$ cat input_12.txt   # compact mmCIF, C-alpha atoms
# COMPACT_ATOMS: atom_id res chain seq x y z
CA MET A 199 -15.58 16.25 -253.46
CA VAL A 200 -18.17 14.98 -255.94
CA ASP A 201 -15.76 12.34 -257.25
CA GLY A 202 -15.18 11.37 -253.62
CA LEU A 203 -18.90 10.84 -253.20
CA GLY A 204 -18.83 8.50 -256.16
CA ILE A 205 -15.97 6.55 -254.61
CA LEU A 206 -17.78 6.48 -251.27
CA VAL A 207 -20.83 4.94 -252.93
CA SER A 208 -18.60 2.49 -254.77
CA ALA A 209 -16.72 1.48 -251.60
CA ALA A 210 -19.97 1.02 -249.73
CA GLY A 211 -21.54 -1.03 -252.50
CA PHE A 212 -18.48 -3.15 -253.07
CA GLY A 213 -17.85 -3.59 -249.34
CA PHE A 214 -21.42 -4.74 -248.87
CA VAL A 215 -21.08 -7.27 -251.66
CA TYR A 216 -17.77 -8.41 -250.18
CA GLY A 217 -19.34 -8.97 -246.76
CA LEU A 218 -22.26 -10.77 -248.30
CA THR A 219 -20.05 -12.97 -250.46
CA ALA A 220 -17.61 -13.71 -247.64
CA ARG A 221 -20.49 -14.99 -245.54
CA THR A 222 -22.40 -16.91 -248.17
CA ALA A 223 -19.66 -18.18 -250.51
CA GLY A 224 -16.66 -18.36 -248.21
CA GLY A 225 -18.34 -19.23 -244.93
CA PHE A 226 -16.50 -16.37 -243.18
CA SER A 227 -17.74 -15.34 -239.75
CA PRO A 228 -18.39 -11.62 -239.19
CA ILE A 229 -15.12 -11.39 -237.21
CA GLU A 230 -13.15 -13.01 -240.02
CA ALA A 231 -14.70 -10.84 -242.72
CA MET A 232 -14.12 -7.69 -240.66
CA ALA A 233 -10.52 -8.70 -239.90
CA MET A 234 -9.88 -8.87 -243.62
CA SER A 235 -11.39 -5.44 -244.23
CA LEU A 236 -9.76 -3.73 -241.24
CA ILE A 237 -6.30 -5.31 -241.42
CA ALA A 238 -5.64 -6.34 -245.02
CA PHE A 239 -7.91 -3.61 -246.49
CA ALA A 240 -7.37 -4.84 -250.02
CA GLY A 241 -10.66 -5.08 -251.91
CA ALA A 242 -9.90 -7.19 -254.96
CA ALA A 243 -7.49 -9.41 -253.01
CA GLN A 244 -10.13 -9.92 -250.32
CA PHE A 245 -12.62 -11.04 -252.93
CA ALA A 246 -10.05 -13.38 -254.42
CA ALA A 247 -9.31 -14.76 -250.95
CA ILE A 248 -12.93 -15.85 -250.57
CA GLY A 249 -12.51 -18.05 -253.61
CA TYR A 250 -9.13 -19.33 -252.46
CA VAL A 251 -10.45 -20.25 -249.00
CA ALA A 252 -13.56 -21.85 -250.46
CA ALA A 253 -11.36 -23.88 -252.82
CA GLY A 254 -9.17 -25.03 -249.94
CA ILE A 255 -5.99 -23.39 -251.25
CA GLY A 256 -3.15 -23.28 -248.71
CA TRP A 257 -2.27 -20.04 -246.96
CA PRO A 258 1.25 -19.76 -248.43
CA VAL A 259 -0.25 -19.86 -251.91
CA ILE A 260 -2.93 -17.35 -250.89
CA ALA A 261 -0.16 -15.08 -249.59
CA LEU A 262 1.76 -15.34 -252.86
CA LEU A 263 -1.33 -14.63 -254.96
CA THR A 264 -2.25 -11.70 -252.71
CA PHE A 265 1.26 -10.30 -253.07
CA LEU A 266 1.08 -10.55 -256.86
CA LEU A 267 -2.39 -9.03 -257.06
CA ASN A 268 -1.35 -6.13 -254.84
CA ALA A 269 2.09 -5.62 -256.38
CA ARG A 270 0.65 -2.75 -258.39
CA HIS A 271 0.71 -0.72 -255.17
CA VAL A 272 4.49 -0.49 -255.53
CA LEU A 273 3.89 1.67 -258.56
CA TYR A 274 1.14 3.72 -256.92
CA SER A 275 3.39 4.29 -253.94
CA ALA A 276 6.32 5.38 -256.08
CA ALA A 277 4.06 7.65 -258.12
CA LEU A 278 2.81 9.33 -254.92
CA ALA A 279 6.31 9.69 -253.45
CA PRO A 280 7.09 13.09 -255.05
CA TRP A 281 3.92 14.54 -253.59
CA PHE A 282 4.81 13.26 -250.11
CA ALA A 283 8.41 14.46 -250.29
CA GLY A 284 9.39 16.10 -247.01
CA ARG A 285 6.45 14.74 -245.04
CA PRO A 286 7.12 12.93 -241.71
CA VAL A 287 7.89 9.21 -241.86
CA ALA A 288 4.91 8.39 -239.62
CA GLU A 289 2.57 10.22 -242.00
CA ARG A 290 3.97 8.40 -245.01
CA ALA A 291 3.78 5.06 -243.20
CA GLY A 292 0.16 5.70 -242.29
CA ALA A 293 -0.65 6.85 -245.79
CA ALA A 294 0.80 3.60 -247.14
CA GLN A 295 -1.56 1.49 -245.02
CA LEU A 296 -4.53 3.24 -246.64
CA LEU A 297 -3.20 3.26 -250.21
CA THR A 298 -5.77 1.69 -252.52
CA ASP A 299 -6.81 2.01 -256.16
CA GLU A 300 -9.43 4.52 -255.09
CA SER A 301 -7.34 6.65 -252.74
CA PHE A 302 -4.52 6.73 -255.29
CA ALA A 303 -6.77 7.81 -258.14
CA LEU A 304 -8.63 10.42 -256.09
CA SER A 305 -5.59 11.93 -254.42
CA VAL A 306 -3.44 12.06 -257.56
CA ALA A 307 -6.26 13.77 -259.45
CA HIS A 308 -6.64 16.20 -256.52
CA PHE A 309 -2.92 16.94 -256.30
CA ARG A 310 -2.80 17.50 -260.04
CA ARG A 311 -5.64 19.99 -259.85
CA LEU A 312 -3.91 21.88 -257.03
CA GLY A 313 -0.39 21.46 -258.37
CA ARG A 314 0.83 20.57 -254.85
CA PHE A 315 0.45 18.09 -251.97
CA ASP A 316 -2.66 18.43 -249.82
CA GLY A 317 -2.74 16.31 -246.67
CA PHE A 318 -6.45 16.76 -246.06
CA GLY A 319 -7.16 15.71 -249.62
CA TYR A 320 -5.26 12.44 -249.18
CA TRP A 321 -6.78 11.51 -245.84
CA TYR A 322 -10.23 12.45 -247.07
CA ALA A 323 -9.77 10.19 -250.09
CA ALA A 324 -8.31 7.35 -248.04
CA ILE A 325 -10.45 7.40 -244.91
CA VAL A 326 -13.74 9.17 -245.53
CA THR A 327 -14.44 7.92 -249.03
CA THR A 328 -12.86 4.47 -248.78
CA PHE A 329 -11.82 3.00 -245.41
CA ILE A 330 -14.90 3.92 -243.38
CA PRO A 331 -17.59 3.04 -245.96
CA TRP A 332 -15.71 -0.13 -246.93
CA ASN A 333 -15.65 -1.40 -243.36
CA LEU A 334 -19.15 -0.31 -242.39
CA ALA A 335 -20.53 -1.88 -245.55
CA THR A 336 -18.55 -5.07 -244.94
CA LEU A 337 -20.15 -5.28 -241.50
CA ALA A 338 -23.57 -4.68 -242.99
CA GLY A 339 -23.02 -7.20 -245.74
CA VAL A 340 -21.76 -9.98 -243.51
CA THR A 341 -24.40 -9.51 -240.81
CA ILE A 342 -27.59 -8.50 -242.57
CA GLY A 343 -26.79 -8.94 -246.25
CA ALA A 344 -27.66 -12.60 -246.27
CA SER A 345 -31.31 -11.63 -246.10
CA ILE A 346 -31.07 -10.00 -249.52
CA VAL A 347 -31.89 -12.79 -251.90
CA ASP A 348 -30.32 -11.39 -255.07
CA PRO A 349 -27.98 -8.36 -254.79
CA SER A 350 -27.59 -8.29 -258.57
CA ARG A 351 -31.23 -7.23 -258.92
CA LEU A 352 -30.24 -4.07 -257.04
CA GLY A 353 -27.35 -3.48 -259.43
CA ILE A 354 -24.78 -3.80 -256.63
CA ASP A 355 -22.55 -6.10 -258.64
CA VAL A 356 -21.88 -3.52 -261.37
CA ILE A 357 -20.68 -0.84 -258.97
CA PHE A 358 -17.11 -2.15 -258.68
CA PRO A 359 -16.27 -2.57 -262.39
CA ALA A 360 -18.06 0.68 -263.21
CA ALA A 361 -16.10 2.52 -260.51
CA MET A 362 -12.79 1.07 -261.69
CA ALA A 363 -13.59 2.03 -265.29
CA GLY A 364 -14.65 5.53 -264.25
CA LEU A 365 -11.48 6.01 -262.21
CA ALA A 366 -9.39 4.91 -265.18
CA VAL A 367 -11.16 7.50 -267.34
CA LEU A 368 -10.45 10.22 -264.77
CA LEU A 369 -6.74 9.38 -264.91
CA ILE A 370 -6.59 9.68 -268.69
CA SER A 371 -5.20 13.08 -269.57
CA GLY A 372 -3.58 12.34 -272.93
CA ARG A 373 -2.97 9.83 -275.67
CA ARG A 374 -0.35 7.95 -273.69
CA GLU A 375 -2.73 7.23 -270.81
CA LEU A 376 -5.48 6.33 -273.26
CA VAL A 377 -3.28 3.85 -275.10
CA ALA A 378 -1.97 2.39 -271.82
CA ALA A 379 -5.53 1.91 -270.57
CA GLY A 380 -6.67 0.33 -273.83
CA ALA A 381 -3.66 -1.94 -273.94
CA GLY A 382 -4.06 -2.87 -270.27
CA ALA A 383 -7.68 -3.81 -270.89
CA ALA A 384 -6.92 -5.82 -274.04
CA ILE A 385 -4.02 -7.67 -272.44
CA GLY A 386 -6.14 -8.29 -269.36
CA VAL A 387 -8.85 -9.95 -271.42
CA VAL A 388 -6.47 -12.11 -273.47
CA VAL A 389 -4.55 -13.34 -270.43
CA SER A 390 -7.78 -13.92 -268.50
CA LEU A 391 -9.04 -16.10 -271.33
CA THR A 392 -5.85 -18.11 -271.54
CA VAL A 393 -4.55 -18.19 -267.96
CA SER A 394 -6.69 -16.67 -265.20
CA THR A 395 -8.37 -13.41 -264.32
CA THR A 396 -5.80 -12.73 -261.58
CA ALA A 397 -3.01 -13.10 -264.12
CA GLY A 398 -5.03 -10.95 -266.51
CA VAL A 399 -5.19 -8.03 -264.09
CA ILE A 400 -1.47 -8.25 -263.32
CA ALA A 401 -0.43 -8.62 -266.97
CA GLY A 402 -2.67 -5.76 -268.08
CA GLY A 403 -1.36 -3.48 -265.36
CA VAL A 404 2.31 -4.33 -265.92
CA LEU A 405 2.40 -4.54 -269.73
CA GLY A 406 -0.18 -1.88 -270.64
CA PRO A 407 2.10 1.01 -269.65
CA PHE A 408 4.86 -0.32 -271.94
CA VAL A 409 2.47 -0.03 -274.88
CA GLY A 410 1.57 3.48 -273.74
CA LEU A 411 5.24 4.43 -273.74
CA LEU A 412 5.32 3.83 -277.48
CA VAL A 413 3.24 7.00 -277.88
CA PRO A 414 5.30 10.22 -277.94
CA ALA A 415 5.11 12.13 -274.64
CA ALA A 416 3.17 15.37 -274.32
CA LYS A 417 5.05 18.43 -273.11
CA ALA A 418 5.76 18.12 -269.38
CA LYS A 419 4.61 20.61 -266.72
CA GLU A 420 6.99 22.09 -264.16
CA PRO A 421 7.34 19.81 -261.14
CA PRO A 422 6.01 21.06 -257.78
CA GLY A 423 8.67 22.45 -255.45
CA GLY A 424 11.49 21.43 -257.73
CA VAL A 425 10.85 17.76 -257.05
CA GLU A 426 11.21 15.22 -259.81
CA ASP A 427 7.67 14.67 -260.97
CA PRO A 428 6.07 11.58 -262.54
CA ARG A 429 3.17 13.62 -263.88
CA ARG A 430 2.92 14.31 -267.58
CA MET B 1438 -17.99 -17.46 -233.83
CA SER B 1439 -14.96 -18.61 -235.83
CA THR B 1440 -11.75 -16.61 -235.78
CA ASP B 1441 -9.69 -19.14 -237.75
CA LEU B 1442 -9.14 -16.78 -240.68
CA VAL B 1443 -7.98 -13.78 -238.65
CA PRO B 1444 -4.30 -14.85 -238.93
CA LEU B 1445 -4.82 -15.06 -242.69
CA ALA B 1446 -5.90 -11.41 -242.63
CA PHE B 1447 -2.61 -10.53 -240.94
CA LEU B 1448 -0.71 -12.63 -243.48
CA MET B 1449 -2.43 -10.82 -246.35
CA TRP B 1450 -1.52 -7.51 -244.70
CA ALA B 1451 2.09 -8.63 -244.33
CA VAL B 1452 2.43 -9.30 -248.05
CA THR B 1453 0.49 -6.17 -249.07
CA TYR B 1454 1.88 -3.41 -246.84
CA PRO B 1455 5.45 -3.55 -248.18
CA SER B 1456 4.13 -2.94 -251.70
CA ARG B 1457 2.20 0.06 -250.45
CA ALA B 1458 5.05 1.47 -248.39
CA VAL B 1459 8.16 0.91 -250.46
CA GLY B 1460 7.69 3.95 -252.65
CA LEU B 1461 6.55 6.28 -249.89
CA LEU B 1462 9.25 5.25 -247.42
CA THR B 1463 12.24 4.81 -249.73
CA PRO B 1464 14.22 8.05 -249.94
CA GLY B 1465 14.85 9.30 -253.43
CA ILE B 1466 12.62 6.84 -255.21
CA HIS B 1467 10.97 9.85 -256.87
CA ARG B 1468 14.32 10.59 -258.50
CA LEU B 1469 13.99 7.53 -260.66
CA PRO B 1470 15.06 7.86 -264.31
CA ARG B 1471 12.54 9.59 -266.54
CA PRO B 1472 11.54 6.40 -268.41
CA ALA B 1473 10.69 4.76 -265.08
CA LEU B 1474 8.61 7.78 -264.02
CA ASP B 1475 6.87 7.77 -267.39
CA TYR B 1476 6.05 4.11 -266.85
CA LEU B 1477 4.68 4.78 -263.37
CA GLN B 1478 2.49 7.53 -264.74
CA LEU B 1479 0.74 5.02 -266.98
CA VAL B 1480 0.24 2.28 -264.39
CA GLY B 1481 -2.94 3.76 -262.92
CA PRO B 1482 -4.99 3.90 -266.13
CA ALA B 1483 -3.68 0.50 -267.28
CA VAL B 1484 -4.31 -1.44 -264.10
CA LEU B 1485 -7.69 0.16 -263.41
CA ALA B 1486 -8.80 -0.53 -266.98
CA ALA B 1487 -7.64 -4.14 -266.65
CA ILE B 1488 -9.50 -4.58 -263.35
CA ALA B 1489 -12.64 -2.99 -264.81
CA ILE B 1490 -12.80 -5.06 -267.96
CA VAL B 1491 -11.88 -8.32 -266.27
CA ASN B 1492 -14.59 -7.81 -263.65
CA THR B 1493 -17.09 -6.87 -266.34
CA LEU B 1494 -16.42 -9.71 -268.77
CA PHE B 1495 -15.63 -12.41 -266.18
CA PRO B 1496 -18.06 -11.71 -263.32
CA THR B 1497 -17.99 -15.26 -261.98
CA ALA B 1498 -15.00 -15.78 -259.65
CA GLY B 1499 -12.48 -18.18 -261.12
CA SER B 1500 -14.18 -18.33 -264.51
CA THR B 1501 -12.20 -17.73 -267.70
CA THR B 1502 -15.31 -17.65 -269.89
CA ILE B 1503 -16.68 -14.32 -271.09
CA GLU B 1504 -20.24 -13.72 -269.90
CA VAL B 1505 -22.43 -11.32 -271.86
CA GLY B 1506 -24.67 -9.28 -269.59
CA VAL B 1507 -26.31 -5.99 -268.79
CA ALA B 1508 -23.14 -5.08 -266.87
CA TRP B 1509 -21.49 -4.40 -270.23
CA ILE B 1510 -24.03 -1.67 -270.92
CA SER B 1511 -23.83 -0.33 -267.37
CA VAL B 1512 -20.05 -0.03 -267.44
CA GLY B 1513 -20.05 1.35 -270.99
CA VAL B 1514 -22.53 4.07 -270.09
CA CYS B 1515 -20.55 4.87 -266.93
CA ILE B 1516 -17.37 5.29 -269.01
CA ALA B 1517 -19.16 7.55 -271.50
CA LEU B 1518 -20.71 9.73 -268.79
CA VAL B 1519 -17.47 10.08 -266.83
CA ALA B 1520 -15.58 10.95 -270.02
CA TRP B 1521 -18.24 13.49 -270.96
CA ARG B 1522 -19.04 15.10 -267.61
CA ARG B 1523 -15.90 14.15 -265.59
CA ASN B 1524 -18.30 13.06 -262.85
CA LEU B 1525 -17.87 9.57 -261.43
CA PHE B 1526 -20.89 9.69 -259.17
CA LEU B 1527 -23.17 10.44 -262.11
CA GLY B 1528 -21.65 7.52 -264.00
CA LEU B 1529 -22.18 5.12 -261.13
CA VAL B 1530 -25.79 6.16 -260.61
CA ALA B 1531 -26.46 5.57 -264.30
CA ALA B 1532 -24.69 2.21 -264.22
CA VAL B 1533 -26.74 0.95 -261.28
CA ALA B 1534 -29.99 2.29 -262.75
CA ILE B 1535 -29.32 0.49 -266.03
CA ALA B 1536 -28.50 -2.76 -264.22
CA ILE B 1537 -31.72 -2.57 -262.17
CA ALA B 1538 -33.83 -1.74 -265.23
CA GLY B 1539 -32.16 -4.39 -267.35
CA ARG B 1540 -32.66 -7.12 -264.82
CA ALA B 1541 -36.24 -6.04 -264.23
CA VAL B 1542 -36.96 -6.87 -267.86
CA GLY B 1543 -35.14 -10.18 -267.68
CA LEU B 1544 -31.60 -9.37 -268.85
CA GLN B 1545 -28.70 -10.95 -266.95
$ encode --input "input_12.txt" --output "structure tokens"
Amino acid sequence: MVDGLGILVSAAGFGFVYGLTARTAGGFSPIEAMAMSLIAFAGAAQFAAIGYVAAGIGWPVIALLTFLLNARHVLYSAALAPWFAGRPVAERAGAAQLLTDESFALSVAHFRRLGRFDGFGYWYAAIVTTFIPWNLATLAGVTIGASIVDPSRLGIDVIFPAAMAGLAVLLISGRRELVAAGAGAAIGVVVSLTVSTTAGVIAGGVLGPFVGLLVPAAKAKEPPGGVEDPRR
Amino acid sequence: MSTDLVPLAFLMWAVTYPSRAVGLLTPGIHRLPRPALDYLQLVGPAVLAAIAIVNTLFPTAGSTTIEVGVAWISVGVCIALVAWRRNLFLGLVAAVAIAIAGRAVGLQ
């Protein structure tokens, strides 16, 4: 619950900055900014889209870049699958729409603590701590945020990277995760310096785990309900 | 009020939702080979760490130049507090407080 409060604050702060940036840097109308947050609901990709639109990049290219940036969700989704085993298709389809970095990290940590699936825990993580504050803050940012001269003076700009770093720490439960996180960060920086920050995030997320796999695995726990379990 | 970018929002959804759904809606994907499951287990820490450090070191959109700033201290303190207390909210409060204090004394 306390971690969820942290995510809620992060989503609100980041959503506010998104709304503010969409209006001031991208020239988005409130309807356009809200459409992004309600329909796409993809924080980092939404931020990137502001830059793409401002730079006049074509929509097919924006779609490709968005796909690549959000491709990590394939892995989140597969990692959550054992926990959702046996749940109705409609529930899993709805859960997928609300799958984000934050809801993944919070719900996986929650399921691990319980040792089983908890529907309320997932929807709380996805809706209460992320979807609602993200959208309300987007609305606030795009409509009234322009009156705030310098959001960085309020420390709003550090909320997102701090939240991502904190979430990564919460997911580290052994040497493998620690090495994967360190490698992901290092690869992310090198590729960002040489190619682009978008490529850096993708490369760090895809290649970091391979480095982590070089570390011997800790002893595995019993899977819940006899289901094959990605947790270690 | 412009609505020109609303179709782009749907397009971004169309290329994002399949990534989110494929694992949850594909039967048996959780019976992947152990190496694949081990890999998936490590994706979260790796990708979140990459996002965090890239957004900390390269705060200007589109820039590939490292910018030194008070955000480094904010994020570093957040990491230390979360690792120590396992409390993200505490880490975020400290990060924001440091950023406000740092900028009040002229740091960027």
$ closest_residue --input "input_12.txt" --among "A:Glu230, A:Asp299, A:Asp355, A:Asp316" --to "Trp1509 in chain B" --atoms "only C-alpha atoms"
A:Asp355
$ atom_distance --input "input_12.txt" --atom1 "CA of Gly1543 in chain B" --atom2 "CA of Ser350 in chain A"
12.0 Å
$ closest_residue --input "input_12.txt" --among "A:Ala209, A:Phe315, A:Ala338, A:Met234" --to "Thr298 in chain A" --atoms "only C-alpha atoms"
A:Ala209
$ closest_residue --input "input_12.txt" --among "B:Pro1472, B:Pro1444, B:Ala1531, B:Ala1483" --to "chain A" --atoms "only C-alpha atoms"
B:Ala1483
$ closest_residue --input "input_12.txt" --among "A:Leu405, A:Arg285, A:Val387, A:Ile342" --to "Thr1502 in chain B" --atoms "only C-alpha atoms"
A:Val387
$ closest_atom_pairs --input "input_12.txt" --of "chain B" --to "chain A" --cutoff "6 Å" --atoms "all atoms listed in the file" --output "JSON lines"
{"residue": "B:Ser1439", "atom": "CA", "partner": "A:Ser227", "partner_atom": "CA", "distance": 5.8}
{"residue": "B:Thr1440", "atom": "CA", "partner": "A:Glu230", "partner_atom": "CA", "distance": 5.7}
{"residue": "B:Leu1442", "atom": "CA", "partner": "A:Glu230", "partner_atom": "CA", "distance": 5.5}
{"residue": "B:Val1443", "atom": "CA", "partner": "A:Glu230", "partner_atom": "CA", "distance": 5.4}
{"residue": "B:Ala1446", "atom": "CA", "partner": "A:Met234", "partner_atom": "CA", "distance": 4.8}
{"residue": "B:Met1449", "atom": "CA", "partner": "A:Ala238", "partner_atom": "CA", "distance": 5.7}
{"residue": "B:Trp1450", "atom": "CA", "partner": "A:Ala238", "partner_atom": "CA", "distance": 4.3}
{"residue": "B:Val1452", "atom": "CA", "partner": "A:Phe265", "partner_atom": "CA", "distance": 5.3}
{"residue": "B:Thr1453", "atom": "CA", "partner": "A:Phe265", "partner_atom": "CA", "distance": 5.8}
{"residue": "B:Ser1456", "atom": "CA", "partner": "A:Val272", "partner_atom": "CA", "distance": 4.6}
{"residue": "B:Arg1457", "atom": "CA", "partner": "A:His271", "partner_atom": "CA", "distance": 5.0}
{"residue": "B:Ala1458", "atom": "CA", "partner": "A:Ala294", "partner_atom": "CA", "distance": 4.9}
{"residue": "B:Gly1460", "atom": "CA", "partner": "A:Ala276", "partner_atom": "CA", "distance": 4.0}
{"residue": "B:Leu1461", "atom": "CA", "partner": "A:Ala279", "partner_atom": "CA", "distance": 4.9}
{"residue": "B:His1467", "atom": "CA", "partner": "A:Pro280", "partner_atom": "CA", "distance": 5.4}
{"residue": "B:Arg1468", "atom": "CA", "partner": "A:Glu426", "partner_atom": "CA", "distance": 5.7}
{"residue": "B:Leu1474", "atom": "CA", "partner": "A:Pro428", "partner_atom": "CA", "distance": 4.8}
{"residue": "B:Tyr1476", "atom": "CA", "partner": "A:Pro407", "partner_atom": "CA", "distance": 5.7}
{"residue": "B:Leu1477", "atom": "CA", "partner": "A:Leu273", "partner_atom": "CA", "distance": 5.8}
{"residue": "B:Gln1478", "atom": "CA", "partner": "A:Pro428", "partner_atom": "CA", "distance": 5.8}
{"residue": "B:Leu1479", "atom": "CA", "partner": "A:Pro407", "partner_atom": "CA", "distance": 5.0}
{"residue": "B:Val1480", "atom": "CA", "partner": "A:Pro407", "partner_atom": "CA", "distance": 5.7}
{"residue": "B:Pro1482", "atom": "CA", "partner": "A:Ala366", "partner_atom": "CA", "distance": 4.6}
{"residue": "B:Ala1483", "atom": "CA", "partner": "A:Ala379", "partner_atom": "CA", "distance": 4.0}
{"residue": "B:Val1484", "atom": "CA", "partner": "A:Gly403", "partner_atom": "CA", "distance": 3.8}
{"residue": "B:Leu1485", "atom": "CA", "partner": "A:Ala366", "partner_atom": "CA", "distance": 5.3}
{"residue": "B:Ala1486", "atom": "CA", "partner": "A:Ala383", "partner_atom": "CA", "distance": 5.2}
{"residue": "B:Ala1487", "atom": "CA", "partner": "A:Ala383", "partner_atom": "CA", "distance": 4.3}
{"residue": "B:Ile1488", "atom": "CA", "partner": "A:Val399", "partner_atom": "CA", "distance": 5.6}
{"residue": "B:Ala1489", "atom": "CA", "partner": "A:Pro359", "partner_atom": "CA", "distance": 4.4}
{"residue": "B:Asn1492", "atom": "CA", "partner": "A:Pro359", "partner_atom": "CA", "distance": 5.6}
{"residue": "B:Thr1493", "atom": "CA", "partner": "A:Pro359", "partner_atom": "CA", "distance": 5.9}
{"residue": "B:Thr1501", "atom": "CA", "partner": "A:Leu391", "partner_atom": "CA", "distance": 5.1}
{"residue": "B:Ala1508", "atom": "CA", "partner": "A:Val356", "partner_atom": "CA", "distance": 5.9}
{"residue": "B:Val1512", "atom": "CA", "partner": "A:Ala360", "partner_atom": "CA", "distance": 4.7}
{"residue": "B:Ile1516", "atom": "CA", "partner": "A:Gly364", "partner_atom": "CA", "distance": 5.5}
{"residue": "B:Val1519", "atom": "CA", "partner": "A:Gly364", "partner_atom": "CA", "distance": 5.9}
{"residue": "B:Leu1525", "atom": "CA", "partner": "A:Asp201", "partner_atom": "CA", "distance": 5.4}
{"residue": "B:Phe1526", "atom": "CA", "partner": "A:Gly204", "partner_atom": "CA", "distance": 3.8}
{"residue": "B:Val1533", "atom": "CA", "partner": "A:Gly353", "partner_atom": "CA", "distance": 4.8}
{"residue": "B:Ala1536", "atom": "CA", "partner": "A:Gly353", "partner_atom": "CA", "distance": 5.0}
{"residue": "B:Ile1537", "atom": "CA", "partner": "A:Gly353", "partner_atom": "CA", "distance": 5.2}
$ residues_around --input "input_12.txt" --residues "Leu334 in chain A" --least-positions-apart "2" --cutoff "10 Å" --atoms "all atoms listed in the file" --output "ChimeraX atom specification"
/A:209-210,213-214,217,232,235,329-332,336-339
